[in-house]
Structure formats: structure tokens, C-alpha cells
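Q: My questions will all concern the structure given below.
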Amino acid sequence: MNSRKEQLAAFGRLLDIMDELREKCPWDKKQTIESLRHLTIEETYELADAILDNDLEEIKKELGDVLLHIVFYAKIGSEKKAFDIGDVANSISDKLIVRHPHIYGDVTVENEEDVKKNWEQLKLAEGKTSVLEGVPKNLPAIVKASRIQEKVAGVGFDWEAPEQVWEKVQEELTELNEEIKKGDTENTEKEFGDVLFSLINYARFIGVNPENALEKTNKKFINRFQFLEKSAKKEGKNLSEMSLSEMDVHWENSKEFFK
């Protein structure tokens with residue numbers, strides 16, 4: 001591992017490279033905060049994929065890509081005389097100190113839940129009018145639902161036990177089934193949303209990250225289906241030419257490799 005001196009030198013090297021690219025590279029010179037936005041989102045998802053795959057080498061590379069974007073935004077900010085990388089670092093450092101009074105102040109906490117509650121209360125004390133102000137509007141729906149539930153729980157608006165949440169899930173499933181039987185498309189959509197929201201809440205109570213859980217299932221399904229495609233090709237067949245029962249044989253075999 002690198003020493004702190006070496007870490008700072010490496011960061012300084014990155015800043016120097018950014019300065020040079022911004023001055024000499026036609027593509028880098030052209031970029032704006034707005035033009036980088038969609039690329040930053042893409043890099044963040046690539047990092048998320050590497051984390052789910054537990055690929056530490058890939059995580060290192062993707063963190064570098066995300067760090068580059070942070071440095072890039074800061075460089076543009078300095079050109080606009082708005083902020084630089086020092087302001088960015090100092091801003092987050094100041095926030096961390098203020099929001100960890102149990103470390104940098106005289107507040108006492110018993111556990112992680114106390115820390116979360118203090119965090120939300122401190123944000124309200126900073127002038128926010130709602131604990132939900134910090135939830136980005138453009139988050140994917142599952143992630144947004146998780147953050148909403150975590151934040152309201154931080155101020156005490158929460159169920160007391162997992163069993164209560166599971167009862168709510170079952171209640172929502174019953175209501176969904178009723179609307180499906182009625183053939184009411186609009187209400188069916190609403191009730192389906194309620195079911196998902198309740199399941200996401202239940203996931204929190206049983207210690208499961210719903211976004212990670214669903215993405216792992218996505219990856220598993222992709223692997224199994226591609227196994228099915230390859231198996232069919234070995235038999236000289238296309239999936240469209242196979243019966244469902246024939247495909248099921250290969251699907252069941254795929255479960256031995258992708259669990």
C-alpha cells in the first residue's frame with residue numbers, strides 16, 4: 001500500500017495531468033459540466049457492476065474513472081472562478097465533522113441507528129425543511145424507494161418489527177389481486193407500485209439491499225439464459241425452434257453452474 005505522502009503525490013499527478021489535458025486535448029477542452037453528466041452516470045453504474053461482481057481489480061479501475069470525473073468537474077469549476085478541488089475536499093470534510101458530533105463533539109451514541117437518527121436531525125438543523133429533500137429526483141425507482149424509507153425511519157417514522165411489514169406486503173398483494181380481477185388497469189398499476197414499495201421496505205428490515213438483490217438476480221438470469229442459448233447451438237438448434245419443455249432441460253442444467 002502507498003504511504004500518505006505517496007497518495008498525495010499520486011493525487012497531485014492526476015491534477016497536473018488534468019490541467020494539461022484541459023489545455024492541450026481538443027476533446028477535454030470541449031467538455032462542460034453538462035456534457036460530462038451522462039458519462040459520470042455511466043461510470044458510476046460500471047463501478048456498481050464491479051462491486052456486485054466483487055472484482056477488486058475492476059473496482060480499482062472504475063474508482064479511477066469516477067475520480068477523474070470529480071477532478072474534471074473541479075477543474076471546470078476553477079475555470080469559472082466558482083470552486084476548485086480544494087473547496088470540494090474542504091466542503092466534504094467540514095460536513096463530515098459537523099455530522100459526526102459523536103466523534104468530533106460531545107454527543108454519545110449507542111449504535112449505528114443512533115448515528116443515522118443524528119444525521120437526519122443535523123440535516124434538518126442545517127435548514128432543510130424536509131428529511132426527504134436529500135433524495136435525488138432522478139434516482140432509479142428502487143434506489144429512491146430505499147432512500148425514502150431509510151430517511152423517514154431516521155426520524156422515527158417506521159414499523160416496529162419485520163412481521164408488521166410482512167403483513168403489509170400481504171395486504172398489498174391482496175389489494176393488487178382484487179384490482180387485477182376487476183380489470184382496472186390504472187388501479188392495478190397503483191397497487192403493483194404499493195406491493196413493490198412494501199417489499200423494498202421489508203428488505204430493509206431483513207437486512208437485504210433490494211437493488212443489489214435484483215441486480216444479482218438479473219445477472220443470474222442472463223448467465224442461465226446464455227447457457228441455454230449455447231446449449232441449443234451445440235445441438236444445432238435455434239431457441240425459436242425448440243419447445244418449452246426442451247428449453248427447460250437446458251435451463252435446469254444451467255442451475256448447476258449459476259446459482
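Please note that chains go A, B, ... in the order of the C-alpha cells, that every chain numbers its residues from 1, and that ligands are numbered from 1 in the order shown.
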Please list as a VMD selection string every residue within 12 Å of region 201-215 of chain A, counting only C-alpha atoms and excluding residues in the same chain fewer than 6 positions away.
A: chain A and resid 45 48 to 53 139 to 153 158 to 170 194 to 195 221 to 222
Q: Save out the residues we just selected, C-alpha atoms, as a short mmCIF file (atom, residue, chain, number, x, y, z; two decimals), in the first residue's frame.
A:
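out_17.cif, freshly written:
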data_model
loop_
_atom_site.label_atom_id
_atom_site.label_comp_id
_atom_site.auth_asym_id
_atom_site.auth_seq_id
_atom_site.Cartn_x
_atom_site.Cartn_y
_atom_site.Cartn_z
CA TYR A 45 -23.00 2.15 -12.94
CA ALA A 48 -21.62 -0.58 -9.21
CA ASP A 49 -21.31 -3.63 -11.51
CA ALA A 50 -17.73 -4.23 -10.41
CA ILE A 51 -18.78 -4.02 -6.76
CA LEU A 52 -21.53 -6.61 -7.25
CA ASP A 53 -19.04 -8.88 -9.03
CA LEU A 139 -32.59 8.06 -8.78
CA PRO A 140 -33.79 4.70 -10.14
CA ALA A 141 -37.15 3.93 -8.53
CA ILE A 142 -35.96 1.03 -6.37
CA VAL A 143 -33.00 3.00 -5.03
CA LYS A 144 -35.22 6.04 -4.45
CA ALA A 145 -37.78 3.98 -2.51
CA SER A 146 -34.99 2.59 -0.32
CA ARG A 147 -33.59 6.04 0.42
CA ILE A 148 -37.05 7.45 1.18
CA GLN A 149 -37.73 4.67 3.66
CA GLU A 150 -34.31 4.97 5.30
CA LYS A 151 -34.70 8.71 5.73
CA VAL A 152 -38.18 8.69 7.28
CA ALA A 153 -37.08 5.82 9.55
CA ASP A 158 -41.13 3.35 10.90
CA TRP A 159 -42.56 -0.06 11.69
CA GLU A 160 -41.55 -1.72 14.91
CA ALA A 161 -40.95 -5.28 13.67
CA PRO A 162 -40.38 -7.18 10.40
CA GLU A 163 -43.59 -9.16 10.97
CA GLN A 164 -45.63 -5.96 10.68
CA VAL A 165 -44.02 -5.11 7.37
CA TRP A 166 -44.62 -8.60 6.03
CA GLU A 167 -48.30 -8.30 6.95
CA LYS A 168 -48.36 -5.05 4.97
CA VAL A 169 -46.83 -6.84 1.97
CA GLN A 170 -49.55 -9.49 2.12
CA ASP A 194 -47.60 -0.37 -3.43
CA VAL A 195 -46.51 -4.03 -3.44
CA PHE A 221 -30.86 -14.93 -15.28
CA ILE A 222 -28.58 -13.59 -18.04
#
Q: As a VMD selection string, list the residues of region 67-211 of chain A assigned to alpha helix (DSSP H) by DSSP on the backbone atoms of this structure.
A: chain A and resid 67 to 79 85 to 98 101 to 104 112 to 125 141 to 153 162 to 182 185 to 205 210 to 211
Q: What lies within 10 Å of Asn177 (chain A) using only C-alpha atoms, ignoring chain neighbours under 4 positions off, as an MDAnalysis selection string?
A: chainID A and resid 172:173 181:183 188 191:192
Q: Please save N, CA and C atoms of the selected residues as a compact mmCIF listing (two decimals), in the first residue's frame.
A:
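Resulting contents of part-v2.txt:
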# COMPACT_ATOMS: atom_id res chain seq x y z
N GLU A 172 -51.04 -5.66 0.68
CA GLU A 172 -50.92 -5.02 -0.64
C GLU A 172 -51.09 -6.03 -1.76
N LEU A 173 -50.61 -7.24 -1.58
CA LEU A 173 -50.78 -8.29 -2.58
C LEU A 173 -52.26 -8.62 -2.77
N LYS A 181 -58.52 -8.68 -10.77
CA LYS A 181 -59.79 -9.36 -11.05
C LYS A 181 -60.82 -8.40 -11.62
N LYS A 182 -60.78 -7.14 -11.17
CA LYS A 182 -61.72 -6.13 -11.67
C LYS A 182 -61.36 -5.68 -13.08
N GLY A 183 -60.10 -5.90 -13.45
CA GLY A 183 -59.67 -5.46 -14.77
C GLY A 183 -59.39 -3.98 -14.84
N THR A 188 -54.58 -1.21 -10.91
CA THR A 188 -53.65 -2.33 -10.85
C THR A 188 -52.22 -1.82 -10.79
N GLU A 191 -51.57 -0.37 -7.32
CA GLU A 191 -51.40 -1.41 -6.30
C GLU A 191 -50.10 -2.18 -6.49
N PHE A 192 -49.70 -2.36 -7.75
CA PHE A 192 -48.43 -3.03 -8.01
C PHE A 192 -47.28 -2.20 -7.44
Q: Considering only C-alpha atoms, return as a PDB file with N, CA, C and O atoms, in the first residue's frame whatever protein or nucleic-acid residues lie within 8 Å of region 120-131 of chain A, sequence-local ones (same chain, fewer than 3 positions apart) excluded.
A:
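This is the output file result-v4.pdb:
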ATOM      1  N   ARG A  99     -21.371  16.489  11.022  1.00  0.00           N
ATOM      2  CA  ARG A  99     -22.364  15.423  11.116  1.00  0.00           C
ATOM      3  C   ARG A  99     -21.884  14.208  11.909  1.00  0.00           C
ATOM      4  O   ARG A  99     -22.595  13.206  11.993  1.00  0.00           O
ATOM      5  N   LYS A 116     -27.539   7.272  12.523  1.00  0.00           N
ATOM      6  CA  LYS A 116     -28.437   7.623  11.428  1.00  0.00           C
ATOM      7  C   LYS A 116     -29.456   8.674  11.859  1.00  0.00           C
ATOM      8  O   LYS A 116     -29.734   9.630  11.118  1.00  0.00           O
ATOM      9  N   LYS A 117     -30.022   8.510  13.048  1.00  0.00           N
ATOM     10  CA  LYS A 117     -31.014   9.466  13.532  1.00  0.00           C
ATOM     11  C   LYS A 117     -30.390  10.838  13.736  1.00  0.00           C
ATOM     12  O   LYS A 117     -30.969  11.867  13.373  1.00  0.00           O
ATOM     13  N   GLY A 134     -33.116  15.476   0.542  1.00  0.00           N
ATOM     14  CA  GLY A 134     -31.838  14.956   0.079  1.00  0.00           C
ATOM     15  C   GLY A 134     -31.942  13.771  -0.865  1.00  0.00           C
ATOM     16  O   GLY A 134     -30.925  13.233  -1.292  1.00  0.00           O
ATOM     17  N   LYS A 151     -34.700   7.358   5.188  1.00  0.00           N
ATOM     18  CA  LYS A 151     -34.704   8.709   5.730  1.00  0.00           C
ATOM     19  C   LYS A 151     -35.862   8.948   6.701  1.00  0.00           C
ATOM     20  O   LYS A 151     -35.688   9.551   7.754  1.00  0.00           O
ATOM     21  N   VAL A 152     -37.064   8.476   6.349  1.00  0.00           N
ATOM     22  CA  VAL A 152     -38.177   8.686   7.275  1.00  0.00           C
ATOM     23  C   VAL A 152     -38.007   7.830   8.527  1.00  0.00           C
ATOM     24  O   VAL A 152     -38.426   8.222   9.623  1.00  0.00           O
ATOM     25  N   GLY A 154     -35.226   7.363   9.882  1.00  0.00           N
ATOM     26  CA  GLY A 154     -34.231   8.081  10.675  1.00  0.00           C
ATOM     27  C   GLY A 154     -34.826   9.090  11.642  1.00  0.00           C
ATOM     28  O   GLY A 154     -34.165   9.499  12.601  1.00  0.00           O
ATOM     29  N   VAL A 155     -36.079   9.495  11.395  1.00  0.00           N
ATOM     30  CA  VAL A 155     -36.740  10.421  12.322  1.00  0.00           C
ATOM     31  C   VAL A 155     -37.880   9.722  13.065  1.00  0.00           C
ATOM     32  O   VAL A 155     -38.756  10.364  13.640  1.00  0.00           O
TER      33      VAL A 155
END
Q: Would you kindly return, as number ranges by chain, each protein, DNA or RNA residue with an atom no farther than 12 Å from any atom of Thr40 (chain A), considering only C-alpha atoms and excluding same-chain residues fewer than 2 positions away?
A: A: 33-38, 42-47, 62-73
Q: What's around Lys259 (chain A) at 10 Å? Count only C-alpha atoms, leave out sequence neighbours fewer than 6 positions away in its own chain, and write the answer as a PyMOL selection string.
A: chain A and resi 217+220-221+223-224
Q: Tell me, as a PyMOL selection string, which residues lie within 12 Å of region 230-237 of chain A, counting only C-alpha atoms; anything in the same chain fewer than 4 positions away does not count.
A: chain A and resi 223-226+241-243+246-254
